[in-house]
Amino acid sequence: MTMKLQPLLVALALAVAPFSAEAQTRLLQASPDDQIPTRLTEMTGARALAATLDRAPAAMSWALAADAALDARPQVHVAESREYWLHAGAEDLQRGLALSTTANGALVRLSPHGGHAVMALASADISVRVDGRTLPARQALQQVANADELAAAGLDAPGGSLVFKLADAVGARRIELVAANARGNYLVHVFEPASTVVLNLAAERDNALAGETLRFRARLQGGGSIDQLAGTVRAPGGETIDVSFTREGDGSFVASVKPDAAFAGTPGLWELHAFGQARHAGLDMQRDARTAFGVAVASARLDGSFERVAAIGREGGMKLRIGVEVADASRYQLAGVLHGTAADGSLKPAAIAHAAAWLDRGTGTIELVFDPATLKAGGLRAPYELRDLRLVNQADMSLVERRERAATLR
């Protein structure tokens with residue numbers, strides 16, 4: 001009887017094996033555009049935040065439309081600026097503050113430093129000097145609004161602000177803004193919505209690791225050239241770093257920024273503010289541009305181990321166990337997009353999965369789980385490919401690692 005049962009047991013074992021065995025492999029080799037920590041760093045600012053996080057694991061997945069427009073390599077944002085800022089004292093405005101505009105209809109905002117209402121200016125206080133001729137407010141200004149009117153319209157502006165549009169009679173030229181009753185110091189913001197002279201500013205990627213270099217490029221569009229450009233980087237905690245730009249052969253300006261790890265770990269985005277002098281059609285002018293980017297402390301990284309844990313039975317779900325090397329304990333999150341093979345042999349989006357788990361210092365794993373209903377929804381099949389794999393530290397929600405192509409699954 002035992003001898004007769006053995007072939008049957010072997011056959012059953014072979015039938016079940018594909019659905020219960022574990023297949024271990026390695027993540028694909030990283031591409032040059034991936035963000036991969038080369039060495040780990042302990043957290044400082046985010047350590048206290050990590051201690052307050054929930055330690056219960058979590059996992060979820062949902063189906064994606066096969067024709068969903070996805071990009072595993074995120075396109076960076078290009079800031080486009082038709083504006084600039086100036087700091088002006090009462091003496092500057094009483095004498096006549098020089099401004100340059102390149103198009104009709106420039107919008108000007110005068111905001112007292114500190115939002116002091118006693119320093120607020122009224123439209124009657126403003127005149128514009130054009131080619132030595134003074135235009136009173138009724139001729140030079142249009143669509144005037146004070147701080148209360150701006151607030152009623154749902155627009156956020158510092159207390160005591162005055163906003164107005166320059167009339168077409170002012171034209172596009174160098175002018176002088178005069179406020180005889182000015183007191184104290186003011187922030188002057190000039191925005192030219194109709195201008196074709198645009199300062200573009202972009203980072204080479206949208207996220208960086210603390211201590212590593214991130215390059216930014218600025219370029220003037222619409223004619224003219226930049227004479228000089230400088231900038232500052234502001235961390236979420238308020239710390240600032242001066243930035244130097246150098247001119248490239250094509251006329252653009254490039255800055256290399258190395259975010260200080262001492263300022264990283266605070267939730268929020270960093271900001272680069274670039275400002276400089278330019279010339280257009282023989283006119284000296286200014287442009288400022290701002291762009292935001294993320295900075296992460298490399299407190300963990302994927303260790304390269306990757307294990308597909310087959311589902312028990314024939315439900316058709318998929319569990320991916322991915323190894324993580326940890327320098328500082330925290331709750332870490334993984335997210336990845338699974339692509340499946342369509343009838344024509346092409347790879348199309350199938351599903352996305354997120355998972356989070358508390359990991360202590362050392363090595364650990366996080367499991368991405370694609371449930372059966374999620375995988376069946378799109379009608380795609382193996383081979384699969386895992387793309388846009390991201391490791392996030394939930395203490396400050398910073399992106400620690402990102403891989404465009406992470407794994408193939410047969």
# chains A, B, ... in the order shown; residues from 1 in each chain; ligands from 1
$ closest_atom_pairs --of "range 25-108 of chain A" --to "range 173-196 of chain A" --cutoff "7 Å" --atoms "only C-alpha atoms" --output "CSV"
residue,atom,partner,partner_atom,distance
A:Arg82,CA,A:Glu192,CA,5.4
A:Glu83,CA,A:Phe191,CA,4.2
A:Tyr84,CA,A:Val190,CA,5.5
A:Trp85,CA,A:His189,CA,4.6
A:Leu86,CA,A:Val188,CA,5.0
A:His87,CA,A:Leu187,CA,4.8
A:Ala88,CA,A:Tyr186,CA,5.2
A:Gly89,CA,A:Asn185,CA,4.3
A:Ala90,CA,A:Ala182,CA,4.9
A:Leu93,CA,A:Val178,CA,5.1
A:Gln94,CA,A:Ala180,CA,4.5
A:Arg95,CA,A:Val178,CA,6.6
A:Gly96,CA,A:Val178,CA,4.5
A:Leu97,CA,A:Leu177,CA,4.9
A:Ala98,CA,A:Glu176,CA,4.5
A:Leu99,CA,A:Ile175,CA,5.4
A:Ser100,CA,A:Arg174,CA,4.3
A:Thr101,CA,A:Arg173,CA,5.3
A:Thr102,CA,A:Ser195,CA,6.0
A:Ala103,CA,A:Ser195,CA,5.1
A:Asn104,CA,A:Ala194,CA,7.0
A:Gly105,CA,A:Glu192,CA,6.8
A:Ala106,CA,A:Glu192,CA,4.5
A:Leu107,CA,A:Phe191,CA,5.1
A:Val108,CA,A:Val190,CA,4.7
$ select_by_dssp --residues "range 273-402 of chain A" --states "helix (DSSP H, G or I)" --output "PyMOL selection string"
chain A and resi 372-377
$ write_last_selection --atoms "N, CA and C atoms" --output "JSON list (two decimals), in the first residue's frame"
[["chain", "number", "residue", "atom", "x", "y", "z"],
["A", 372, "PRO", "N", -4.99, 38.66, -5.48],
["A", 372, "PRO", "CA", -5.47, 38.00, -6.71],
["A", 372, "PRO", "C", -6.39, 38.86, -7.55],
["A", 373, "ALA", "N", -7.33, 39.54, -6.89],
["A", 373, "ALA", "CA", -8.28, 40.35, -7.66],
["A", 373, "ALA", "C", -7.57, 41.48, -8.39],
["A", 374, "THR", "N", -6.55, 42.04, -7.76],
["A", 374, "THR", "CA", -5.79, 43.13, -8.39],
["A", 374, "THR", "C", -5.10, 42.64, -9.65],
["A", 375, "LEU", "N", -4.47, 41.48, -9.59],
["A", 375, "LEU", "CA", -3.72, 40.99, -10.73],
["A", 375, "LEU", "C", -4.64, 40.53, -11.87],
["A", 376, "LYS", "N", -5.81, 40.02, -11.53],
["A", 376, "LYS", "CA", -6.71, 39.51, -12.56],
["A", 376, "LYS", "C", -7.47, 40.63, -13.28],
["A", 377, "ALA", "N", -7.54, 41.82, -12.65],
["A", 377, "ALA", "CA", -8.39, 42.88, -13.17],
["A", 377, "ALA", "C", -8.00, 43.29, -14.59]]
$ closest_residue --among "A:Asp371, A:Asp168, A:Asp360, A:Glu404" --to "Ala51 in chain A" --atoms "only C-alpha atoms"
A:Asp360
$ residues_around --residues "range 213-219 of chain A" --least-positions-apart "4" --cutoff "8 Å" --atoms "only C-alpha atoms" --output "ChimeraX atom specification"
/A:199-205,208,226,251-259
$ select_by_dssp --residues "range 237-281 of chain A" --states "strand (DSSP E or B)" --output "list in words"
Thr240, Ile241, Asp242, Val243, Ser244, Thr246, Arg247, Phe253, Val254, Ala255, Ser256, Val257, Trp270, Glu271, Leu272, His273, Ala274, Phe275, Gly276, Gln277, Ala278, Arg279 and His280 of chain A
$ residues_around --residues "Arg301 in chain A" --least-positions-apart "2" --cutoff "12 Å" --atoms "only C-alpha atoms" --output "ChimeraX atom specification"
/A:35-41,209,296-299,303-305,322-328,332-334,359,361-366,389-393,399-403
$ atom_distance --atom1 "CA of Arg308 in chain A" --atom2 "CA of Arg387 in chain A"
15.1 Å
$ closest_residue --among "A:Gln139, A:Ala50, A:Ala124, A:Asp131" --to "Met397 in chain A" --atoms "only C-alpha atoms"
A:Ala50
$ closest_residue --among "A:Gly211, A:Gly336, A:Gly237, A:Gly132" --to "Pro349 in chain A" --atoms "only C-alpha atoms"
A:Gly336
$ closest_residue --among "A:Met318, A:Val163, A:Ala30, A:Ala65" --to "Gly378 in chain A" --atoms "only C-alpha atoms"
A:Ala65
$ decode --residues "range 131-145 of chain A" --atoms "all heavy atoms" --output "mmCIF file, in the first residue's frame"
data_model
loop_
_atom_site.group_PDB
_atom_site.id
_atom_site.type_symbol
_atom_site.label_atom_id
_atom_site.label_comp_id
_atom_site.auth_asym_id
_atom_site.auth_seq_id
_atom_site.Cartn_x
_atom_site.Cartn_y
_atom_site.Cartn_z
ATOM 1 N N ASP A 131 10.253 108.580 -18.138
ATOM 2 C CA ASP A 131 11.053 109.509 -18.951
ATOM 3 C C ASP A 131 11.021 110.921 -18.377
ATOM 4 O O ASP A 131 10.877 111.917 -19.106
ATOM 5 C CB ASP A 131 10.558 109.527 -20.403
ATOM 6 C CG ASP A 131 10.688 108.173 -21.084
ATOM 7 O OD1 ASP A 131 11.601 107.420 -20.700
ATOM 8 O OD2 ASP A 131 9.882 107.872 -21.985
ATOM 9 N N GLY A 132 11.127 111.020 -17.058
ATOM 10 C CA GLY A 132 11.147 112.313 -16.401
ATOM 11 C C GLY A 132 9.790 112.942 -16.191
ATOM 12 O O GLY A 132 9.681 113.998 -15.561
ATOM 13 N N ARG A 133 8.723 112.308 -16.680
ATOM 14 C CA ARG A 133 7.372 112.837 -16.537
ATOM 15 C C ARG A 133 6.618 112.025 -15.494
ATOM 16 O O ARG A 133 6.628 110.794 -15.527
ATOM 17 C CB ARG A 133 6.654 112.762 -17.886
ATOM 18 C CG ARG A 133 5.223 113.326 -17.884
ATOM 19 C CD ARG A 133 4.724 113.446 -19.328
ATOM 20 N NE ARG A 133 4.754 112.162 -20.007
ATOM 21 C CZ ARG A 133 3.696 111.341 -20.105
ATOM 22 N NH1 ARG A 133 2.545 111.678 -19.537
ATOM 23 N NH2 ARG A 133 3.800 110.212 -20.757
ATOM 24 N N THR A 134 5.970 112.694 -14.554
ATOM 25 C CA THR A 134 5.289 112.014 -13.469
ATOM 26 C C THR A 134 3.824 111.786 -13.809
ATOM 27 O O THR A 134 3.096 112.734 -14.149
ATOM 28 C CB THR A 134 5.394 112.826 -12.161
ATOM 29 O OG1 THR A 134 6.767 112.969 -11.803
ATOM 30 C CG2 THR A 134 4.650 112.130 -11.033
ATOM 31 N N LEU A 135 3.394 110.528 -13.723
ATOM 32 C CA LEU A 135 1.996 110.167 -13.932
ATOM 33 C C LEU A 135 1.352 109.890 -12.577
ATOM 34 O O LEU A 135 1.833 109.052 -11.812
ATOM 35 C CB LEU A 135 1.881 108.915 -14.807
ATOM 36 C CG LEU A 135 2.471 108.989 -16.217
ATOM 37 C CD1 LEU A 135 2.297 107.645 -16.916
ATOM 38 C CD2 LEU A 135 1.807 110.100 -17.019
ATOM 39 N N PRO A 136 0.268 110.587 -12.229
ATOM 40 C CA PRO A 136 -0.397 110.317 -10.944
ATOM 41 C C PRO A 136 -1.085 108.959 -10.976
ATOM 42 O O PRO A 136 -1.232 108.322 -12.029
ATOM 43 C CB PRO A 136 -1.419 111.467 -10.840
ATOM 44 C CG PRO A 136 -1.684 111.853 -12.266
ATOM 45 C CD PRO A 136 -0.398 111.642 -12.995
ATOM 46 N N ALA A 137 -1.541 108.544 -9.819
ATOM 47 C CA ALA A 137 -2.130 107.210 -9.683
ATOM 48 C C ALA A 137 -3.289 106.989 -10.639
ATOM 49 O O ALA A 137 -3.431 105.904 -11.222
ATOM 50 C CB ALA A 137 -2.585 106.995 -8.242
ATOM 51 N N ARG A 138 -4.151 108.007 -10.844
ATOM 52 C CA ARG A 138 -5.328 107.819 -11.692
ATOM 53 C C ARG A 138 -4.959 107.531 -13.144
ATOM 54 O O ARG A 138 -5.758 106.945 -13.895
ATOM 55 C CB ARG A 138 -6.234 109.037 -11.606
ATOM 56 C CG ARG A 138 -5.639 110.311 -12.172
ATOM 57 C CD ARG A 138 -6.606 111.475 -12.091
ATOM 58 N NE ARG A 138 -6.066 112.687 -12.673
ATOM 59 C CZ ARG A 138 -5.255 113.533 -12.051
ATOM 60 N NH1 ARG A 138 -4.906 113.287 -10.782
ATOM 61 N NH2 ARG A 138 -4.810 114.622 -12.654
ATOM 62 N N GLN A 139 -3.732 107.921 -13.561
ATOM 63 C CA GLN A 139 -3.271 107.652 -14.921
ATOM 64 C C GLN A 139 -2.352 106.431 -15.001
ATOM 65 O O GLN A 139 -2.313 105.751 -16.032
ATOM 66 C CB GLN A 139 -2.518 108.871 -15.476
ATOM 67 C CG GLN A 139 -3.357 110.117 -15.622
ATOM 68 C CD GLN A 139 -2.540 111.284 -16.154
ATOM 69 O OE1 GLN A 139 -1.437 111.110 -16.670
ATOM 70 N NE2 GLN A 139 -3.082 112.493 -16.025
ATOM 71 N N ALA A 140 -1.627 106.164 -13.920
ATOM 72 C CA ALA A 140 -0.594 105.118 -13.963
ATOM 73 C C ALA A 140 -1.064 103.764 -13.464
ATOM 74 O O ALA A 140 -0.487 102.735 -13.828
ATOM 75 C CB ALA A 140 0.619 105.565 -13.139
ATOM 76 N N LEU A 141 -2.125 103.752 -12.632
ATOM 77 C CA LEU A 141 -2.519 102.506 -11.974
ATOM 78 C C LEU A 141 -3.899 102.062 -12.411
ATOM 79 O O LEU A 141 -4.792 102.873 -12.677
ATOM 80 C CB LEU A 141 -2.511 102.667 -10.448
ATOM 81 C CG LEU A 141 -1.269 103.308 -9.805
ATOM 82 C CD1 LEU A 141 -1.412 103.271 -8.288
ATOM 83 C CD2 LEU A 141 0.000 102.622 -10.255
ATOM 84 N N GLN A 142 -4.091 100.729 -12.441
ATOM 85 C CA GLN A 142 -5.390 100.116 -12.714
ATOM 86 C C GLN A 142 -5.601 98.971 -11.722
ATOM 87 O O GLN A 142 -4.651 98.430 -11.171
ATOM 88 C CB GLN A 142 -5.454 99.564 -14.137
ATOM 89 C CG GLN A 142 -5.349 100.604 -15.244
ATOM 90 C CD GLN A 142 -5.366 99.959 -16.625
ATOM 91 O OE1 GLN A 142 -5.189 98.756 -16.754
ATOM 92 N NE2 GLN A 142 -5.574 100.761 -17.650
ATOM 93 N N GLN A 143 -6.861 98.624 -11.508
ATOM 94 C CA GLN A 143 -7.214 97.434 -10.714
ATOM 95 C C GLN A 143 -6.443 97.390 -9.396
ATOM 96 O O GLN A 143 -5.719 96.439 -9.102
ATOM 97 C CB GLN A 143 -6.948 96.171 -11.535
ATOM 98 C CG GLN A 143 -7.728 96.116 -12.832
ATOM 99 C CD GLN A 143 -7.388 94.917 -13.684
ATOM 100 O OE1 GLN A 143 -6.664 94.025 -13.254
ATOM 101 N NE2 GLN A 143 -7.901 94.861 -14.902
ATOM 102 N N VAL A 144 -6.627 98.404 -8.595
ATOM 103 C CA VAL A 144 -5.923 98.514 -7.317
ATOM 104 C C VAL A 144 -6.681 97.726 -6.251
ATOM 105 O O VAL A 144 -7.912 97.735 -6.205
ATOM 106 C CB VAL A 144 -5.791 99.985 -6.898
ATOM 107 C CG1 VAL A 144 -5.038 100.100 -5.576
ATOM 108 C CG2 VAL A 144 -5.084 100.784 -7.988
ATOM 109 N N ALA A 145 -5.925 97.023 -5.369
ATOM 110 C CA ALA A 145 -6.545 96.283 -4.262
ATOM 111 C C ALA A 145 -5.644 96.371 -3.037
ATOM 112 O O ALA A 145 -4.422 96.238 -3.147
ATOM 113 C CB ALA A 145 -6.773 94.827 -4.647
#
